[in-house]
>>> print(open('final.pdb').read())   # PDB, C-alpha atoms
ATOM      1  CA  MET A 243       0.623   4.651 -19.714
ATOM      2  CA  THR A 244      -0.696   1.251 -20.538
ATOM      3  CA  ASP A 245      -3.059  -1.442 -19.421
ATOM      4  CA  GLN A 246      -0.067  -3.586 -18.454
ATOM      5  CA  PRO A 247      -0.675  -5.057 -14.999
ATOM      6  CA  PHE A 248       1.359  -3.604 -12.176
ATOM      7  CA  CYS A 249       1.733  -4.667  -8.571
ATOM      8  CA  LEU A 250       1.427  -1.708  -6.207
ATOM      9  CA  ILE A 251       2.744  -2.302  -2.705
ATOM     10  CA  LEU A 252       1.964   0.090   0.139
ATOM     11  CA  ILE A 253       3.644  -0.047   3.536
ATOM     12  CA  VAL A 254       1.213   1.364   6.063
ATOM     13  CA  PRO A 255       1.889   2.168   9.728
ATOM     14  CA  ARG A 256      -0.369   0.126  11.981
ATOM     15  CA  GLN A 257      -2.085   3.317  13.231
ATOM     16  CA  LEU A 258      -3.320   4.077   9.687
ATOM     17  CA  ARG A 259      -4.204   0.501   8.730
ATOM     18  CA  ASP A 260      -7.990   0.683   8.997
ATOM     19  CA  GLU A 261      -8.175   4.145   7.436
ATOM     20  CA  VAL A 262      -6.054   3.157   4.418
ATOM     21  CA  LEU A 263      -7.857  -0.171   3.906
ATOM     22  CA  ASP A 264     -11.240   1.594   4.054
ATOM     23  CA  TYR A 265      -9.963   4.202   1.607
ATOM     24  CA  LEU A 266      -8.749   1.540  -0.838
ATOM     25  CA  THR A 267     -12.110  -0.231  -0.636
ATOM     26  CA  GLU A 268     -13.807   3.046  -1.588
ATOM     27  CA  GLN A 269     -11.612   3.381  -4.716
ATOM     28  CA  SER A 270     -13.550   0.667  -6.554
ATOM     29  CA  ASP A 271     -13.153   2.456  -9.898
ATOM     30  CA  LEU A 272      -9.406   1.718  -9.702
ATOM     31  CA  VAL A 273      -8.967  -1.131  -7.211
ATOM     32  CA  SER A 274     -10.784  -4.431  -7.642
ATOM     33  CA  GLY A 275      -9.191  -6.024  -4.578
ATOM     34  CA  PHE A 276      -6.058  -6.213  -2.469
ATOM     35  CA  THR A 277      -4.224  -8.326   0.087
ATOM     36  CA  ALA A 278      -3.058  -6.962   3.442
ATOM     37  CA  SER A 279      -0.435  -8.668   5.612
ATOM     38  CA  ASP A 280       1.107  -7.783   8.950
ATOM     39  CA  GLY A 281       4.734  -6.762   8.780
ATOM     40  CA  ALA A 282       7.640  -5.515  10.840
ATOM     41  CA  GLY A 283       9.507  -2.475   9.515
ATOM     42  CA  HIS A 284      13.255  -2.263  10.074
ATOM     43  CA  GLY A 285      15.801   0.306   8.940
ATOM     44  CA  ALA A 286      17.205   3.769   9.454
ATOM     45  CA  ASP A 287      14.168   5.526   7.941
ATOM     46  CA  VAL A 288      11.549   3.532   9.877
ATOM     47  CA  ARG A 289       9.847   5.585  12.588
ATOM     48  CA  LEU A 290       9.295   3.728  15.860
ATOM     49  CA  GLN A 291       6.238   5.583  17.139
ATOM     50  CA  THR A 292       5.268   3.722  20.302
ATOM     51  CA  ALA A 293       7.145   2.547  23.363
ATOM     52  CA  ALA A 294       6.330  -1.049  22.392
ATOM     53  CA  GLU A 295       7.889  -0.547  18.942
ATOM     54  CA  ARG A 296      11.022   0.969  20.494
ATOM     55  CA  VAL A 297      11.350  -2.021  22.845
ATOM     56  CA  LYS A 298      10.785  -4.534  20.008
ATOM     57  CA  GLY A 299      13.113  -2.604  17.686
ATOM     58  CA  HIS A 300      10.717  -2.584  14.743
ATOM     59  CA  ALA A 301       7.613  -0.735  13.571
ATOM     60  CA  ASP A 302       4.317  -2.585  13.332
ATOM     61  CA  GLN A 303       3.199  -2.170   9.734
ATOM     62  CA  THR A 304       0.806  -3.554   7.174
ATOM     63  CA  ALA A 305       1.925  -4.446   3.649
ATOM     64  CA  VAL A 306      -0.861  -3.985   1.108
ATOM     65  CA  GLN A 307      -0.481  -5.543  -2.346
ATOM     66  CA  MET A 308      -2.748  -5.056  -5.321
ATOM     67  CA  ILE A 309      -2.617  -5.796  -9.030
ATOM     68  CA  LEU A 310      -3.990  -3.101 -11.309
ATOM     69  CA  ALA A 311      -3.407  -1.503 -14.688
ATOM     70  CA  GLU A 312      -0.421   0.852 -14.863
ATOM     71  CA  ARG A 313      -2.639   3.913 -15.420
ATOM     72  CA  ASN A 314      -4.839   2.940 -12.452
ATOM     73  CA  ALA A 315      -1.773   2.547 -10.244
ATOM     74  CA  SER A 316      -0.675   6.044 -11.231
ATOM     75  CA  SER A 317      -4.149   7.488 -10.581
ATOM     76  CA  LEU A 318      -4.390   5.737  -7.220
ATOM     77  CA  LEU A 319      -0.988   7.062  -6.176
ATOM     78  CA  ASP A 320      -2.122  10.589  -7.104
ATOM     79  CA  ARG A 321      -5.198  10.175  -4.896
ATOM     80  CA  LEU A 322      -3.190   8.689  -2.027
ATOM     81  CA  GLN A 323      -0.736  11.600  -2.149
ATOM     82  CA  VAL A 324      -3.634  14.022  -1.642
ATOM     83  CA  SER A 325      -5.586  12.015   0.927
ATOM     84  CA  PHE A 326      -2.610  10.847   2.979
ATOM     85  CA  ALA A 327      -0.227  13.793   2.590
ATOM     86  CA  GLY A 328       2.350  13.947   5.379
ATOM     87  CA  THR A 329       1.885  10.332   6.507
ATOM     88  CA  LYS A 330       5.063   9.079   4.841
ATOM     89  CA  LEU A 331       3.419   5.992   3.347
ATOM     90  CA  VAL A 332       6.043   3.945   1.528
ATOM     91  CA  TYR A 333       5.181   2.426  -1.841
ATOM     92  CA  TRP A 334       6.668   0.826  -4.902
ATOM     93  CA  THR A 335       5.408  -0.667  -8.121
ATOM     94  CA  MET A 336       6.554  -3.618 -10.168
ATOM     95  CA  PRO A 337       5.459  -4.737 -13.610
ATOM     96  CA  VAL A 338       3.582  -8.035 -13.594
ATOM     97  CA  THR A 339       4.432 -10.410 -16.411
ATOM     98  CA  GLU A 340       1.539 -12.749 -15.719
ATOM     99  CA  PHE A 341      -1.608 -12.597 -13.588
ATOM    100  CA  GLY A 342      -4.506 -15.002 -13.352
ATOM    101  CA  THR A 343      -6.530 -17.432 -11.312
ATOM    102  CA  ILE A 344      -5.972 -21.157 -11.061
ATOM    103  CA  ASP A 345      -9.389 -22.842 -11.051
TER     104      ASP A 345
END
>>> encode(input="final.pdb", output="C-alpha cells")
Amino acid sequence: MTDQPFCLILIVPRQLRDEVLDYLTEQSDLVSGFTASDGAGHGADVRLQTAAERVKGHADQTAVQMILAERNASSLLDRLQVSFAGTKLVYWTMPVTEFGTID
C-alpha cells in the first residue's frame, strides 16, 4: 500500500447517519475531514426501510466522501467492517490523481 491519495465514498442509510459521522470524526488518526451529502438510493439492492421510502420509491441516504492515503483507506475500512458489521454500508474507492486547495 502507498501514500497515494484515494477517495473513499460511503453510502450510509439515513438511520445511521449521525452514528457513522460521529464515528468518522473519532477516527482522526486516519481521517482529516470529510463531506456528507444527502442522497436518494435507487436499485434492486437498495432496502426501502420506512413507509415513506416505499411511497417515494427510494431510500434516504447520505453519501460521505473523504480523501486519504491508500493505507489509511484500507485501515478505515477494516475498522468500519468491525464497528458496523451487518449494516450493509456500501463503499467504493477511487485513486485520486490530484488533490489540493485553491487559495
>>> closest_residue(input="final.pdb", among="A:Thr343, A:Gln291, A:Ser325, A:Gln307", to="Cys249 of chain A", atoms="all atoms listed in the file")
A:Gln307
>>> resolve_selection(input="final.pdb", expression="the PyMOL selection byres ((chain A and resi 259) around 10)", output="mmCIF file with C-alpha atoms, keeping the file's coordinate frame")
data_model
loop_
_atom_site.group_PDB
_atom_site.id
_atom_site.type_symbol
_atom_site.label_atom_id
_atom_site.label_comp_id
_atom_site.auth_asym_id
_atom_site.auth_seq_id
_atom_site.Cartn_x
_atom_site.Cartn_y
_atom_site.Cartn_z
ATOM 1 C CA ILE A 253 3.644 -0.047 3.536
ATOM 2 C CA VAL A 254 1.213 1.364 6.063
ATOM 3 C CA PRO A 255 1.889 2.168 9.728
ATOM 4 C CA ARG A 256 -0.369 0.126 11.981
ATOM 5 C CA GLN A 257 -2.085 3.317 13.231
ATOM 6 C CA LEU A 258 -3.320 4.077 9.687
ATOM 7 C CA ASP A 260 -7.990 0.683 8.997
ATOM 8 C CA GLU A 261 -8.175 4.145 7.436
ATOM 9 C CA VAL A 262 -6.054 3.157 4.418
ATOM 10 C CA LEU A 263 -7.857 -0.171 3.906
ATOM 11 C CA ASP A 264 -11.240 1.594 4.054
ATOM 12 C CA TYR A 265 -9.963 4.202 1.607
ATOM 13 C CA ALA A 278 -3.058 -6.962 3.442
ATOM 14 C CA ASP A 280 1.107 -7.783 8.950
ATOM 15 C CA GLN A 303 3.199 -2.170 9.734
ATOM 16 C CA THR A 304 0.806 -3.554 7.174
ATOM 17 C CA ALA A 305 1.925 -4.446 3.649
ATOM 18 C CA VAL A 306 -0.861 -3.985 1.108
#
>>> residues_around(input="final.pdb", residues="Met308 of chain A", least_positions_apart="6", cutoff="7 Å", atoms="all atoms listed in the file", output="ChimeraX atom specification")
/A:249-251,275-277
>>> axis_aligned_box(input="final.pdb", around="segment 245-251 of chain A", padding_each_side="3 Å", output="AutoDock Vina command-line options")
--center_x -0.2 --center_y -3.2 --center_z -11.1 --size_x 11.8 --size_y 9.6 --size_z 22.7
>>> closest_residue(input="final.pdb", among="A:Ala311, A:Gln323, A:Gly283, A:Phe248", to="Met336 of chain A", atoms="all atoms listed in the file")
A:Phe248
>>> residues_around(input="final.pdb", residues="segment 312-320 of chain A", least_positions_apart="5", cutoff="9 Å", atoms="only C-alpha atoms", output="ChimeraX atom specification")
/A:243-250,266,269,271-273,325,333,335,337
>>> atom_distance(input="final.pdb", atom1="atom CA of Arg296 of chain A", atom2="atom CA of Ala327 of chain A")
24.7 Å
>>> closest_residue(input="final.pdb", among="A:Asp287, A:Ile344, A:Ala282, A:Glu268", to="His300 of chain A", atoms="all atoms listed in the file")
A:Ala282
>>> atom_distance(input="final.pdb", atom1="atom CA of Leu252 of chain A", atom2="atom CA of Glu340 of chain A")
20.4 Å
